[in-house]
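> Below is model.txt; it holds compact mmCIF, N, CA and C atoms.
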# COMPACT_ATOMS: atom_id res chain seq x y z
N MET A 1 0.72 30.98 0.48
CA MET A 1 0.28 29.60 0.60
C MET A 1 -0.09 29.06 -0.76
N SER A 2 0.14 27.80 -0.94
CA SER A 2 -0.20 27.18 -2.21
C SER A 2 -1.67 26.77 -2.22
N ASP A 3 -2.23 26.61 -3.43
CA ASP A 3 -3.62 26.21 -3.58
C ASP A 3 -3.84 24.76 -3.21
N GLN A 4 -2.78 23.97 -3.20
CA GLN A 4 -2.93 22.55 -2.90
C GLN A 4 -3.39 22.32 -1.46
N ASN A 5 -2.94 23.13 -0.53
CA ASN A 5 -3.29 22.94 0.87
C ASN A 5 -4.75 23.31 1.14
N ASN A 6 -5.32 24.21 0.35
CA ASN A 6 -6.68 24.67 0.57
C ASN A 6 -7.69 23.96 -0.31
N ASN A 7 -7.27 23.07 -1.17
CA ASN A 7 -8.17 22.39 -2.10
C ASN A 7 -8.96 21.31 -1.36
N PRO A 8 -10.30 21.46 -1.26
CA PRO A 8 -11.08 20.45 -0.52
C PRO A 8 -11.10 19.10 -1.20
N ARG A 9 -10.91 19.06 -2.51
CA ARG A 9 -10.89 17.77 -3.21
C ARG A 9 -9.70 16.91 -2.79
N GLN A 10 -8.58 17.56 -2.50
CA GLN A 10 -7.40 16.81 -2.09
C GLN A 10 -7.45 16.42 -0.62
N SER A 11 -8.14 17.17 0.21
CA SER A 11 -8.18 16.84 1.62
C SER A 11 -9.25 15.79 1.94
N LYS A 12 -10.26 15.64 1.06
CA LYS A 12 -11.32 14.67 1.31
C LYS A 12 -10.80 13.23 1.40
N PRO A 13 -9.94 12.77 0.47
CA PRO A 13 -9.41 11.40 0.62
C PRO A 13 -8.62 11.20 1.91
N MET A 14 -7.95 12.26 2.37
CA MET A 14 -7.20 12.14 3.62
C MET A 14 -8.16 11.91 4.79
N TRP A 15 -9.26 12.67 4.82
CA TRP A 15 -10.24 12.51 5.90
C TRP A 15 -10.94 11.16 5.80
N GLN A 16 -11.19 10.69 4.58
CA GLN A 16 -11.80 9.38 4.40
C GLN A 16 -10.86 8.29 4.93
N ALA A 17 -9.57 8.43 4.65
CA ALA A 17 -8.59 7.45 5.12
C ALA A 17 -8.49 7.47 6.65
N LEU A 18 -8.50 8.66 7.22
CA LEU A 18 -8.45 8.76 8.68
C LEU A 18 -9.72 8.19 9.31
N GLY A 19 -10.85 8.43 8.68
CA GLY A 19 -12.10 7.87 9.18
C GLY A 19 -12.10 6.36 9.12
N LEU A 20 -11.56 5.80 8.03
CA LEU A 20 -11.47 4.35 7.90
C LEU A 20 -10.54 3.76 8.95
N ALA A 21 -9.40 4.41 9.17
CA ALA A 21 -8.47 3.93 10.19
C ALA A 21 -9.10 3.98 11.57
N TRP A 22 -9.83 5.05 11.87
CA TRP A 22 -10.53 5.18 13.15
C TRP A 22 -11.56 4.07 13.30
N GLU A 23 -12.35 3.83 12.25
CA GLU A 23 -13.38 2.80 12.28
C GLU A 23 -12.78 1.41 12.45
N LEU A 24 -11.69 1.13 11.76
CA LEU A 24 -11.05 -0.18 11.90
C LEU A 24 -10.46 -0.36 13.29
N GLY A 25 -9.95 0.71 13.87
CA GLY A 25 -9.44 0.64 15.24
C GLY A 25 -10.52 0.23 16.23
N TYR A 26 -11.68 0.85 16.10
CA TYR A 26 -12.81 0.48 16.95
C TYR A 26 -13.32 -0.92 16.64
N THR A 27 -13.29 -1.29 15.36
CA THR A 27 -13.76 -2.62 14.96
C THR A 27 -12.91 -3.71 15.61
N ILE A 28 -11.66 -3.44 15.82
CA ILE A 28 -10.76 -4.42 16.44
C ILE A 28 -10.79 -4.33 17.96
N SER A 29 -10.78 -3.12 18.50
CA SER A 29 -10.61 -2.97 19.94
C SER A 29 -11.87 -3.24 20.76
N ILE A 30 -13.04 -2.85 20.27
CA ILE A 30 -14.26 -3.01 21.08
C ILE A 30 -14.58 -4.48 21.35
N PRO A 31 -14.60 -5.36 20.32
CA PRO A 31 -14.87 -6.78 20.65
C PRO A 31 -13.81 -7.36 21.59
N LEU A 32 -12.56 -6.97 21.41
CA LEU A 32 -11.50 -7.49 22.27
C LEU A 32 -11.72 -7.09 23.72
N VAL A 33 -12.00 -5.83 23.96
CA VAL A 33 -12.18 -5.35 25.34
C VAL A 33 -13.41 -6.00 25.97
N ILE A 34 -14.52 -6.00 25.24
CA ILE A 34 -15.77 -6.53 25.81
C ILE A 34 -15.64 -8.03 26.11
N LEU A 35 -15.15 -8.80 25.15
CA LEU A 35 -15.09 -10.26 25.36
C LEU A 35 -13.98 -10.65 26.34
N ALA A 36 -12.89 -9.92 26.35
CA ALA A 36 -11.83 -10.22 27.32
C ALA A 36 -12.31 -9.91 28.75
N LEU A 37 -13.00 -8.79 28.92
CA LEU A 37 -13.55 -8.47 30.25
C LEU A 37 -14.61 -9.48 30.67
N ALA A 38 -15.46 -9.86 29.73
CA ALA A 38 -16.49 -10.86 30.05
C ALA A 38 -15.83 -12.19 30.43
N GLY A 39 -14.79 -12.57 29.72
CA GLY A 39 -14.06 -13.79 30.05
C GLY A 39 -13.39 -13.70 31.41
N ARG A 40 -12.83 -12.54 31.71
CA ARG A 40 -12.18 -12.34 33.01
C ARG A 40 -13.18 -12.43 34.16
N LEU A 41 -14.33 -11.79 33.97
CA LEU A 41 -15.36 -11.84 35.02
C LEU A 41 -15.90 -13.26 35.18
N ALA A 42 -16.09 -13.96 34.08
CA ALA A 42 -16.57 -15.36 34.15
C ALA A 42 -15.52 -16.24 34.82
N ASP A 43 -14.24 -15.97 34.56
CA ASP A 43 -13.16 -16.72 35.22
C ASP A 43 -13.19 -16.51 36.72
N LYS A 44 -13.38 -15.28 37.16
CA LYS A 44 -13.45 -15.00 38.59
C LYS A 44 -14.64 -15.71 39.23
N TRP A 45 -15.77 -15.67 38.54
CA TRP A 45 -17.01 -16.24 39.07
C TRP A 45 -16.94 -17.77 39.12
N LEU A 46 -16.35 -18.38 38.07
CA LEU A 46 -16.30 -19.84 37.99
C LEU A 46 -14.98 -20.44 38.49
N GLY A 47 -13.98 -19.60 38.71
CA GLY A 47 -12.68 -20.08 39.16
C GLY A 47 -11.92 -20.86 38.10
N THR A 48 -12.06 -20.45 36.86
CA THR A 48 -11.42 -21.18 35.75
C THR A 48 -10.29 -20.39 35.11
N ALA A 49 -9.73 -19.42 35.80
CA ALA A 49 -8.71 -18.54 35.23
C ALA A 49 -7.57 -19.34 34.63
N PRO A 50 -7.03 -18.95 33.53
CA PRO A 50 -7.31 -17.85 32.60
C PRO A 50 -8.08 -18.32 31.36
N TRP A 51 -8.73 -19.46 31.42
CA TRP A 51 -9.28 -20.09 30.22
C TRP A 51 -10.38 -19.29 29.54
N LEU A 52 -11.32 -18.78 30.27
CA LEU A 52 -12.40 -18.03 29.63
C LEU A 52 -11.93 -16.67 29.10
N LEU A 53 -10.92 -16.11 29.75
CA LEU A 53 -10.29 -14.90 29.23
C LEU A 53 -9.68 -15.17 27.86
N LEU A 54 -8.97 -16.29 27.75
CA LEU A 54 -8.36 -16.66 26.47
C LEU A 54 -9.41 -16.98 25.41
N VAL A 55 -10.48 -17.65 25.81
CA VAL A 55 -11.56 -17.96 24.87
C VAL A 55 -12.20 -16.66 24.37
N GLY A 56 -12.44 -15.72 25.27
CA GLY A 56 -13.00 -14.42 24.88
C GLY A 56 -12.09 -13.67 23.93
N ALA A 57 -10.78 -13.72 24.19
CA ALA A 57 -9.83 -13.06 23.30
C ALA A 57 -9.81 -13.72 21.92
N LEU A 58 -9.85 -15.04 21.88
CA LEU A 58 -9.86 -15.74 20.59
C LEU A 58 -11.14 -15.47 19.81
N ILE A 59 -12.28 -15.47 20.48
CA ILE A 59 -13.54 -15.17 19.80
C ILE A 59 -13.51 -13.74 19.26
N SER A 60 -12.96 -12.81 20.03
CA SER A 60 -12.88 -11.43 19.55
C SER A 60 -11.97 -11.30 18.33
N ILE A 61 -10.92 -12.10 18.28
CA ILE A 61 -10.04 -12.08 17.10
C ILE A 61 -10.81 -12.54 15.87
N PHE A 62 -11.60 -13.61 16.00
CA PHE A 62 -12.39 -14.09 14.87
C PHE A 62 -13.44 -13.07 14.45
N ILE A 63 -14.12 -12.46 15.41
CA ILE A 63 -15.13 -11.45 15.10
C ILE A 63 -14.49 -10.25 14.40
N SER A 64 -13.39 -9.76 14.94
CA SER A 64 -12.72 -8.60 14.35
C SER A 64 -12.22 -8.91 12.95
N THR A 65 -11.68 -10.11 12.76
CA THR A 65 -11.20 -10.51 11.43
C THR A 65 -12.36 -10.53 10.43
N TRP A 66 -13.50 -11.08 10.83
CA TRP A 66 -14.66 -11.13 9.95
C TRP A 66 -15.17 -9.72 9.63
N LEU A 67 -15.22 -8.83 10.62
CA LEU A 67 -15.69 -7.47 10.39
C LEU A 67 -14.75 -6.69 9.47
N VAL A 68 -13.45 -6.84 9.66
CA VAL A 68 -12.48 -6.16 8.80
C VAL A 68 -12.56 -6.73 7.38
N TYR A 69 -12.71 -8.05 7.25
CA TYR A 69 -12.86 -8.67 5.94
C TYR A 69 -14.10 -8.13 5.23
N ARG A 70 -15.22 -8.06 5.94
CA ARG A 70 -16.47 -7.57 5.35
C ARG A 70 -16.33 -6.12 4.91
N LYS A 71 -15.68 -5.29 5.74
CA LYS A 71 -15.47 -3.88 5.39
C LYS A 71 -14.56 -3.76 4.17
N THR A 72 -13.50 -4.55 4.12
CA THR A 72 -12.59 -4.52 2.99
C THR A 72 -13.28 -4.99 1.72
N LYS A 73 -14.08 -6.04 1.82
CA LYS A 73 -14.82 -6.55 0.67
C LYS A 73 -15.78 -5.48 0.13
N ASN A 74 -16.46 -4.77 1.02
CA ASN A 74 -17.37 -3.71 0.60
C ASN A 74 -16.62 -2.58 -0.10
N ILE A 75 -15.45 -2.24 0.39
CA ILE A 75 -14.67 -1.16 -0.22
C ILE A 75 -14.19 -1.59 -1.60
N ILE A 76 -13.74 -2.84 -1.73
CA ILE A 76 -13.23 -3.31 -3.01
C ILE A 76 -14.35 -3.46 -4.03
N SER A 77 -15.51 -3.96 -3.61
CA SER A 77 -16.59 -4.23 -4.56
C SER A 77 -17.38 -2.99 -4.94
N GLY A 78 -17.28 -1.94 -4.21
CA GLY A 78 -18.03 -0.73 -4.52
C GLY A 78 -17.43 0.46 -3.84
N GLU A 79 -18.15 1.53 -3.91
CA GLU A 79 -17.70 2.76 -3.31
C GLU A 79 -18.46 2.99 -2.01
N VAL A 80 -17.75 3.29 -0.93
CA VAL A 80 -18.38 3.51 0.36
C VAL A 80 -18.60 5.00 0.55
N ILE A 81 -19.87 5.38 0.74
CA ILE A 81 -20.22 6.78 0.99
C ILE A 81 -21.07 6.81 2.25
N ASP A 82 -20.57 7.49 3.27
CA ASP A 82 -21.29 7.61 4.54
C ASP A 82 -21.70 6.25 5.08
N ASP A 83 -20.78 5.31 5.11
CA ASP A 83 -20.98 3.95 5.63
C ASP A 83 -22.01 3.15 4.84
N LYS A 84 -22.35 3.57 3.64
CA LYS A 84 -23.24 2.81 2.78
C LYS A 84 -22.49 2.47 1.50
N VAL A 85 -22.62 1.25 1.06
CA VAL A 85 -21.93 0.81 -0.14
C VAL A 85 -22.79 1.15 -1.35
N VAL A 86 -22.21 1.85 -2.29
CA VAL A 86 -22.88 2.19 -3.53
C VAL A 86 -22.15 1.47 -4.64
N LYS A 87 -22.84 0.60 -5.35
CA LYS A 87 -22.22 -0.18 -6.41
C LYS A 87 -21.77 0.72 -7.55
N LYS A 88 -20.63 0.39 -8.13
CA LYS A 88 -20.15 1.11 -9.29
C LYS A 88 -20.96 0.71 -10.51
N GLU A 89 -21.16 1.67 -11.40
CA GLU A 89 -21.88 1.35 -12.63
C GLU A 89 -20.99 0.54 -13.54
N THR A 90 -21.58 -0.43 -14.20
CA THR A 90 -20.83 -1.19 -15.21
C THR A 90 -20.83 -0.42 -16.50
N ASP A 91 -19.98 -0.82 -17.43
CA ASP A 91 -19.90 -0.14 -18.71
C ASP A 91 -21.20 -0.27 -19.49
N ASN A 92 -21.89 -1.40 -19.38
CA ASN A 92 -23.15 -1.60 -20.10
C ASN A 92 -24.23 -0.66 -19.59
N ASN A 93 -24.32 -0.50 -18.27
CA ASN A 93 -25.33 0.39 -17.71
C ASN A 93 -25.08 1.83 -18.08
N SER A 94 -23.82 2.27 -18.06
CA SER A 94 -23.53 3.64 -18.39
C SER A 94 -23.74 3.91 -19.86
N ALA A 95 -23.51 2.92 -20.74
CA ALA A 95 -23.74 3.10 -22.16
C ALA A 95 -25.23 3.19 -22.44
N ASP A 96 -26.05 2.41 -21.74
CA ASP A 96 -27.49 2.46 -21.92
C ASP A 96 -28.07 3.79 -21.46
N SER A 97 -27.52 4.35 -20.39
CA SER A 97 -28.07 5.58 -19.87
C SER A 97 -27.73 6.77 -20.76
N LYS A 98 -26.69 6.68 -21.59
CA LYS A 98 -26.33 7.77 -22.48
C LYS A 98 -27.23 7.81 -23.71
N LEU A 99 -27.87 6.70 -24.04
CA LEU A 99 -28.73 6.67 -25.23
C LEU A 99 -29.99 7.33 -24.96
Go ahead and express the file in the form of structure tokens.

Amino acid sequence: MSDQNNNPRQSKPMWQALGLAWELGYTISIPLVILALAGRLADKWLGTAPWLLLVGALISIFISTWLVYRKTKNIISGEVIDDKVVKKETDNNSADSKL
């Protein structure tokens, strides 16, 4: 066996990517399921089918888009470690700490 397959440094980014994909899947699917079901139940109760179902689906699309945008912005602006954003050091801060 090669050392590349057993190197934990190389497998960590893969697990981070899988974790991000899993998290984004839930970020999109949970609001959709909850709001679509709520819209469907409200439609049955009020007799307005399919309008509240569609409203719930549209609201879930906006919520999911905002959550994915926020997650992407956090990843781009800093480093995400255990779901917490840690800001990258600037060159000025790192130069000051070396003195």
> Atom C of Ala36 (chain A) and atom N of Leu18 (chain A), how far apart in Å?
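Atom C of Ala36 (chain A) lies at a distance of 28.7 Å from atom N of Leu18 (chain A).
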> Identify which of the residues A:Ile61, A:Leu52, A:Leu67, A:Ile76 lies closest to Leu37 (chain A), counting only C-alpha atoms when measuring atom-to-atom distances.
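Using only C-alpha atoms, the shortest distance to Leu37 (chain A) belongs to A:Leu52.
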> Please compute the CA of Asp43 (chain A)-CA of Pro31 (chain A) distance, one decimal, in Å.
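Spanning CA of Asp43 (chain A) to CA of Pro31 (chain A) is a straight-line distance of 17.7 Å.
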> Between atom C of Ser29 (chain A) and atom C of Ser60 (chain A), measure the distance and give it in Å to one decimal.
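Those two atoms sit 8.4 Å apart.
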> Pick out the residues sitting within 12 Å of Leu35 (chain A), and hand them over as a list in words; count only C-alpha atoms, and ignore anything fewer than 6 positions along from it in its own chain.
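Here the qualifying residues turn out to be Ile28, Ser29, Leu41, Ala42, Asp43, Leu52, Leu53, Leu54, Val55, Gly56, Ala57, Leu58, Ile59, Ser60, Ile61, Phe62, Ile63 and Ser64 of chain A.
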